[in-house]
file query-v6.txt (compact mmCIF, C-alpha atoms)
# COMPACT_ATOMS: atom_id res chain seq x y z
CA MET A 11 -9.81 -15.73 27.01
CA SER A 12 -10.91 -12.53 25.29
CA VAL A 13 -9.77 -11.74 21.77
CA ALA A 14 -7.75 -8.62 20.98
CA ILE A 15 -7.57 -9.02 17.19
CA ASP A 16 -9.71 -11.19 14.94
CA CYS A 17 -9.12 -11.23 11.16
CA GLU A 18 -11.01 -13.40 8.68
CA LYS A 19 -10.17 -13.67 4.98
CA LEU A 20 -8.58 -10.25 5.16
CA ASP A 21 -7.27 -8.76 1.92
CA ILE A 22 -5.03 -5.72 2.40
CA GLY A 23 -3.65 -3.36 -0.20
CA TYR A 24 -4.21 -0.12 -2.04
CA ARG A 25 -6.98 1.10 -4.27
CA ASN A 26 -6.48 3.11 -7.43
CA ALA A 27 -8.63 4.08 -10.36
CA ASP A 28 -7.87 1.01 -12.45
CA THR A 29 -7.38 -1.93 -10.11
CA ASP A 30 -6.69 -2.85 -6.51
CA ILE A 31 -3.10 -3.69 -5.55
CA THR A 32 -3.23 -6.60 -3.10
CA VAL A 33 -0.38 -6.77 -0.59
CA VAL A 34 -1.82 -9.37 1.82
CA SER A 35 -4.35 -11.99 0.73
CA GLY A 36 -6.78 -14.12 2.73
CA LEU A 37 -5.27 -13.51 6.16
CA ASP A 38 -6.87 -15.38 9.06
CA LEU A 39 -5.50 -14.43 12.47
CA THR A 40 -6.70 -14.45 16.07
CA VAL A 41 -4.66 -12.76 18.80
CA THR A 42 -5.77 -13.20 22.41
CA ALA A 43 -5.79 -10.32 24.87
CA GLY A 44 -2.42 -9.92 26.57
CA GLU A 45 -0.54 -11.95 23.98
CA PHE A 46 2.91 -11.04 22.61
CA LEU A 47 2.92 -11.92 18.90
CA THR A 48 5.99 -11.31 16.77
CA ILE A 49 5.79 -11.13 12.97
CA LEU A 50 8.59 -12.18 10.62
CA GLY A 51 8.74 -12.14 6.84
CA PRO A 52 10.64 -10.90 3.80
CA SER A 53 10.45 -7.27 2.72
CA GLY A 54 7.22 -6.54 0.89
CA CYS A 55 5.16 -9.34 2.47
CA GLY A 56 2.84 -6.87 4.21
CA LYS A 57 4.00 -6.96 7.84
CA SER A 58 3.89 -3.18 8.30
CA THR A 59 0.78 -2.89 6.13
CA LEU A 60 -1.04 -5.30 8.46
CA LEU A 61 -0.17 -3.11 11.43
CA ARG A 62 -1.51 -0.07 9.58
CA VAL A 63 -4.87 -1.81 9.05
CA VAL A 64 -5.07 -2.80 12.73
CA ALA A 65 -4.31 0.82 13.68
CA ASP A 66 -6.99 2.17 11.30
CA LEU A 67 -4.40 3.92 9.15
CA LEU A 68 -5.47 1.91 6.10
CA GLU A 69 -8.81 0.42 5.06
CA PRO A 70 -8.75 -3.29 4.13
CA LEU A 71 -9.78 -4.26 0.61
CA SER A 72 -12.09 -7.04 1.81
CA GLY A 73 -12.69 -9.49 4.63
CA SER A 74 -13.31 -8.60 8.26
CA ILE A 75 -11.23 -7.34 11.17
CA ALA A 76 -12.22 -6.66 14.77
CA VAL A 77 -9.88 -4.90 17.20
CA LEU A 78 -10.60 -5.16 20.92
CA GLY A 79 -14.13 -6.29 20.16
CA THR A 80 -14.94 -3.36 17.89
CA SER A 81 -13.83 -1.78 14.62
CA PRO A 82 -10.26 -0.52 14.17
CA ARG A 83 -11.68 3.01 13.85
CA GLN A 84 -13.54 2.80 17.15
CA ALA A 85 -10.50 1.34 18.90
CA ARG A 86 -8.39 4.21 17.55
CA MET A 87 -10.94 6.89 18.41
CA THR A 88 -11.14 5.65 21.99
CA ARG A 89 -7.34 5.70 22.21
CA GLN A 90 -6.93 2.02 22.87
CA ILE A 91 -4.07 1.58 20.39
CA GLY A 92 -0.46 2.69 20.77
CA PHE A 93 2.04 2.65 17.87
CA VAL A 94 5.85 2.66 17.93
CA PHE A 95 7.68 3.08 14.61
CA GLN A 96 11.26 2.26 13.59
CA ASP A 97 12.10 5.94 13.82
CA SER A 98 11.28 7.48 17.19
CA THR A 99 9.55 10.45 15.41
CA LEU A 100 10.07 12.73 18.41
CA LEU A 101 9.41 16.45 18.04
CA PRO A 102 12.83 18.10 18.38
CA TRP A 103 11.47 21.29 19.97
CA ARG A 104 9.69 19.41 22.75
CA SER A 105 11.39 18.00 25.83
CA VAL A 106 11.32 14.30 26.69
CA ARG A 107 8.45 14.90 29.10
CA GLN A 108 6.52 16.95 26.54
CA ASN A 109 7.03 14.31 23.85
CA ILE A 110 5.74 11.58 26.15
CA GLU A 111 2.64 13.61 27.01
CA LEU A 112 1.92 14.62 23.40
CA PRO A 113 -0.79 12.01 22.58
CA ALA A 114 -2.85 13.08 25.58
CA VAL A 115 -2.73 16.80 24.90
CA VAL A 116 -3.65 16.75 21.19
CA GLY A 117 -7.01 15.98 19.67
CA GLY A 118 -9.11 19.07 20.29
CA ALA A 119 -12.07 18.21 22.49
CA ASN A 120 -10.53 14.81 23.25
CA LYS A 121 -7.33 16.16 24.77
CA ARG A 122 -6.61 15.16 28.33
CA VAL A 123 -4.61 16.31 31.31
CA VAL A 124 -1.69 14.06 32.20
CA SER A 125 -0.55 13.99 35.81
CA THR A 126 3.10 14.62 36.61
CA GLU A 127 3.08 11.37 38.60
CA LYS A 128 2.00 9.35 35.55
CA THR A 129 4.74 10.78 33.37
CA ASP A 130 7.28 10.30 36.15
CA ALA A 131 6.22 6.65 36.49
CA LEU A 132 6.82 6.10 32.77
CA LEU A 133 10.20 7.81 32.96
CA VAL A 134 11.17 5.39 35.73
CA MET A 135 9.71 2.37 33.92
CA LEU A 136 11.67 3.16 30.75
CA GLY A 137 14.92 4.00 32.52
CA LEU A 138 14.69 7.71 31.72
CA GLU A 139 14.89 9.18 35.23
CA GLY A 140 16.53 12.59 35.21
CA LEU A 141 16.10 13.01 31.45
CA GLY A 142 12.60 14.53 31.39
CA ASP A 143 13.83 18.04 30.58
CA ARG A 144 16.28 17.02 27.87
CA PHE A 145 15.54 17.36 24.16
CA PRO A 146 15.77 14.56 21.56
CA SER A 147 19.11 15.86 20.22
CA GLN A 148 20.57 15.28 23.68
CA LEU A 149 19.64 11.59 23.76
CA SER A 150 21.16 8.41 22.38
CA GLY A 151 19.26 6.30 19.85
CA GLY A 152 18.23 3.84 22.52
CA GLN A 153 17.01 6.62 24.79
CA ARG A 154 14.95 8.13 21.98
CA GLN A 155 13.25 4.78 21.40
CA ARG A 156 12.51 4.52 25.11
CA VAL A 157 10.80 7.91 24.89
CA ALA A 158 8.79 6.69 21.89
CA ILE A 159 7.62 3.63 23.86
CA ALA A 160 6.71 5.80 26.86
CA ARG A 161 4.72 8.09 24.55
CA ALA A 162 2.84 5.08 23.15
CA LEU A 163 2.01 3.94 26.69
CA ILE A 164 0.94 7.30 28.15
CA GLU A 165 -2.75 6.61 27.53
CA GLU A 166 -2.52 3.03 28.75
CA PRO A 167 -3.48 1.37 25.45
CA LYS A 168 -4.81 -2.15 25.45
CA LEU A 169 -2.96 -2.85 22.20
CA LEU A 170 0.61 -1.83 21.33
CA LEU A 171 1.80 -2.06 17.72
CA MET A 172 5.56 -1.99 17.16
CA ASP A 173 7.01 -1.75 13.65
CA GLU A 174 10.73 -2.68 13.79
CA PRO A 175 11.27 -0.26 16.68
CA PHE A 176 14.82 -1.43 17.40
CA GLY A 177 15.97 -2.11 13.84
CA ALA A 178 18.34 0.86 13.64
CA LEU A 179 20.05 0.24 16.99
CA ASP A 180 23.31 -1.57 17.75
CA GLU A 181 23.08 -5.17 18.89
CA ILE A 182 23.86 -4.57 22.58
CA THR A 183 21.31 -1.75 22.88
CA ARG A 184 18.78 -3.83 20.98
CA ASP A 185 19.20 -6.81 23.31
CA ARG A 186 18.84 -4.57 26.35
CA LEU A 187 15.66 -2.98 25.01
CA ASN A 188 14.25 -6.42 24.17
CA SER A 189 14.59 -7.42 27.81
CA GLU A 190 13.13 -4.12 29.01
CA LEU A 191 10.18 -4.48 26.64
CA LEU A 192 9.40 -7.92 28.03
CA SER A 193 9.47 -6.45 31.53
CA ILE A 194 7.06 -3.68 30.50
CA TRP A 195 4.75 -6.21 28.82
CA ARG A 196 4.63 -8.32 31.99
CA ARG A 197 3.82 -5.27 34.12
CA THR A 198 1.14 -3.79 31.87
CA GLY A 199 -0.51 -6.87 30.35
CA THR A 200 -0.77 -5.01 27.05
CA THR A 201 -1.32 -7.02 23.87
CA ILE A 202 1.71 -6.50 21.60
CA LEU A 203 2.18 -7.05 17.87
CA PHE A 204 5.87 -6.69 17.05
CA VAL A 205 7.26 -6.64 13.50
CA THR A 206 10.92 -7.50 13.03
CA HIS A 207 13.41 -8.84 10.48
CA SER A 208 15.49 -10.45 13.23
CA ILE A 209 14.86 -14.15 13.87
CA MET A 210 16.52 -13.92 17.28
CA GLU A 211 14.39 -10.95 18.27
CA ALA A 212 11.19 -12.63 17.11
CA VAL A 213 11.91 -15.83 19.03
CA TYR A 214 13.21 -14.10 22.15
CA LEU A 215 10.20 -11.77 22.46
CA GLY A 216 7.23 -13.65 21.08
CA GLU A 217 4.92 -16.11 22.74
CA ARG A 218 4.02 -16.97 19.17
CA VAL A 219 5.87 -16.12 15.96
CA MET A 220 3.98 -15.59 12.72
CA VAL A 221 6.03 -16.03 9.55
CA MET A 222 4.63 -14.40 6.43
CA ALA A 223 5.38 -15.18 2.80
CA SER A 224 5.20 -12.69 -0.05
CA ASN A 225 3.67 -12.32 -3.52
CA PRO A 226 1.04 -12.04 -2.21
CA GLY A 227 1.59 -11.62 1.51
CA ARG A 228 0.08 -14.47 3.49
CA VAL A 229 0.57 -16.45 6.69
CA LEU A 230 3.09 -19.22 6.12
CA SER A 231 3.30 -20.52 9.68
CA ILE A 232 2.55 -19.64 13.30
CA THR A 233 4.83 -21.22 15.90
CA ASP A 234 3.85 -21.37 19.57
CA LEU A 235 6.95 -20.97 21.74
CA ARG A 236 5.35 -21.02 25.16
CA ASP A 237 6.38 -24.61 25.89
CA ALA A 238 9.99 -23.69 25.09
CA LYS A 239 10.06 -20.78 27.57
CA ASN A 240 9.51 -20.06 31.24
CA ALA A 241 6.05 -19.17 32.53
CA ASP A 242 6.80 -15.43 32.20
CA ASN A 243 7.91 -15.86 28.54
CA SER A 244 11.57 -15.42 29.50
CA CYS A 245 14.32 -17.54 28.00
CA SER A 246 18.05 -17.72 27.42
CA ARG A 247 19.24 -16.92 23.92
CA GLU A 248 21.61 -19.90 24.27
CA ASP A 249 18.89 -22.38 25.25
CA PRO A 250 18.98 -25.35 22.79
CA LYS A 251 15.19 -25.16 22.41
CA ILE A 252 15.45 -21.50 21.40
CA ILE A 253 18.30 -22.22 19.00
CA SER A 254 16.23 -25.03 17.46
CA ALA A 255 13.22 -22.71 17.08
CA MET A 256 15.44 -20.13 15.37
CA ALA A 257 16.68 -22.75 12.92
CA GLU A 258 13.07 -23.66 12.06
CA MET A 259 12.26 -19.98 11.55
CA ARG A 260 15.21 -19.60 9.19
CA VAL A 261 14.00 -22.53 7.08
CA ALA A 262 10.50 -21.02 7.00
CA LEU A 263 11.87 -17.62 5.98
CA GLU A 264 13.95 -19.15 3.20
CA ALA A 265 10.79 -20.81 1.91
CA ALA A 266 8.93 -17.49 2.19
CA SER A 267 11.46 -15.49 0.14
call {"tool": "encode", "arguments": {"input": "query-v6.txt", "output": "structure tokens"}}
result
Amino acid sequence: MSVAIDCEKLDIGYRNADTDITVVSGLDLTVTAGEFLTILGPSGCGKSTLLRVVADLLEPLSGSIAVLGTSPRQARMTRQIGFVFQDSTLLPWRSVRQNIELPAVVGGANKRVVSTEKTDALLVMLGLEGLGDRFPSQLSGGQRQRVAIARALIEEPKLLLMDEPFGALDEITRDRLNSELLSIWRRTGTTILFVTHSIMEAVYLGERVMVMASNPGRVLSITDLRDAKNADNSCSREDPKIISAMAEMRVALEAAS
């Protein structure tokens, strides 16, 4: 299987005039193409910072990282990476349709024309039919996050990075969007890295769950859940195997804090 992300001895942090501030130390990680990897860990362990390095929003301090067989910069420049943040970050003066199409129409010489059919297909996929002409202020929180996911998918990225995208939503909406995200992942085959503070969310979504410890940030454990789930990565939240996996995650998180 091809590799989507390959990190070796990766140190991540921030440079200043006096000394480097290390947030993540010695990270080794391989993510296969098409995998759904969820990332758990205490605040400050570097989960979001890792996503920023993968997305070429931050240079690593040392070590190596390859994204989709090339550098993070090249993967970003060729628009192979989509990013969904905790806040939907929609432009309030643009309609739903215009927000979804935004990544394709910016970028100077690299801007592209998006077909109406492609946007319509995303509206249907994300359950936003009939809402294309509305503005963000006319949407619920869950609908705004659906728009943000559609916007991240408009250029058909090979890699989707999601930084606590459902953290601010109520539990029922969050559970519904979890199920919809799994459906989208199955349809698109996109590699997904998903950061969350919810043990249930991490176990329900991920084929593997990476637990990080802090001070400095590092990989504490990686649990493969594929044997505990159906072939399409679906599962029941009440399944004893899933409940057992959640209990193990909780123990790991307590050790990581």
call {"tool": "closest_atom_pairs", "arguments": {"input": "query-v6.txt", "of": "region 36-116 of chain A", "to": "region 166-170 of chain A", "cutoff": "6 Å", "atoms": "only C-alpha atoms", "output": "Markdown table"}}
result
| residue | atom | partner | partner_atom | distance |
| --- | --- | --- | --- | --- |
| A:Gln90 | CA | A:Pro167 | CA | 4.4 |
| A:Ile91 | CA | A:Leu169 | CA | 4.9 |
| A:Gly92 | CA | A:Leu170 | CA | 4.7 |
| A:Phe93 | CA | A:Leu170 | CA | 5.8 |
call {"tool": "write_last_selection", "arguments": {"input": "query-v6.txt", "atoms": "C-alpha atoms", "output": "short mmCIF file (atom, residue, chain, number, x, y, z; two decimals), in the coordinates of the input"}}
result
data_model
loop_
_atom_site.label_atom_id
_atom_site.label_comp_id
_atom_site.auth_asym_id
_atom_site.auth_seq_id
_atom_site.Cartn_x
_atom_site.Cartn_y
_atom_site.Cartn_z
CA GLN A 90 -6.93 2.02 22.87
CA ILE A 91 -4.07 1.58 20.39
CA GLY A 92 -0.46 2.69 20.77
CA PHE A 93 2.04 2.65 17.87
#
call {"tool": "residues_around", "arguments": {"input": "query-v6.txt", "residues": "Met87 (chain A)", "least_positions_apart": "3", "cutoff": "12 Å", "atoms": "only C-alpha atoms", "output": "list in words"}}
result
Ala65, Asp66, Leu67, Val77, Thr80, Ser81, Pro82, Arg83, Gln84, Gln90, Ile91, Gly92, Gly117, Asn120, Lys121 and Pro167 of chain A
call {"tool": "closest_residue", "arguments": {"input": "query-v6.txt", "among": "A:Ser35, A:Ser246, A:Asn225, A:Ser53", "to": "Leu71 (chain A)", "atoms": "all atoms listed in the file"}}
result
A:Ser35
call {"tool": "residues_around", "arguments": {"input": "query-v6.txt", "residues": "Val106 (chain A)", "least_positions_apart": "2", "cutoff": "12 Å", "atoms": "all atoms listed in the file", "output": "number ranges by chain"}}
result
A: 98, 100-104, 108-112, 129-130, 132-133, 136, 138-149, 153-161
call {"tool": "atom_distance", "arguments": {"input": "query-v6.txt", "atom1": "CA of Thr99 (chain A)", "atom2": "CA of Leu179 (chain A)"}}
result
14.7 Å
call {"tool": "closest_residue", "arguments": {"input": "query-v6.txt", "among": "A:Ser267, A:Phe176, A:Gly44, A:Arg89", "to": "Pro226 (chain A)", "atoms": "only C-alpha atoms"}}
result
A:Ser267
call {"tool": "residues_around", "arguments": {"input": "query-v6.txt", "residues": "Ala266 (chain A)", "least_positions_apart": "5", "cutoff": "8 Å", "atoms": "only C-alpha atoms", "output": "NGL selection string"}}
result
:A and (51-52 or 222-224 or 230)
call {"tool": "closest_residue", "arguments": {"input": "query-v6.txt", "among": "A:Pro113, A:Pro70, A:Gly177, A:Gly199", "to": "Arg25 (chain A)", "atoms": "all atoms listed in the file"}}
result
A:Pro70
call {"tool": "atom_distance", "arguments": {"input": "query-v6.txt", "atom1": "CA of Thr201 (chain A)", "atom2": "CA of Gly73 (chain A)"}}
result
22.5 Å
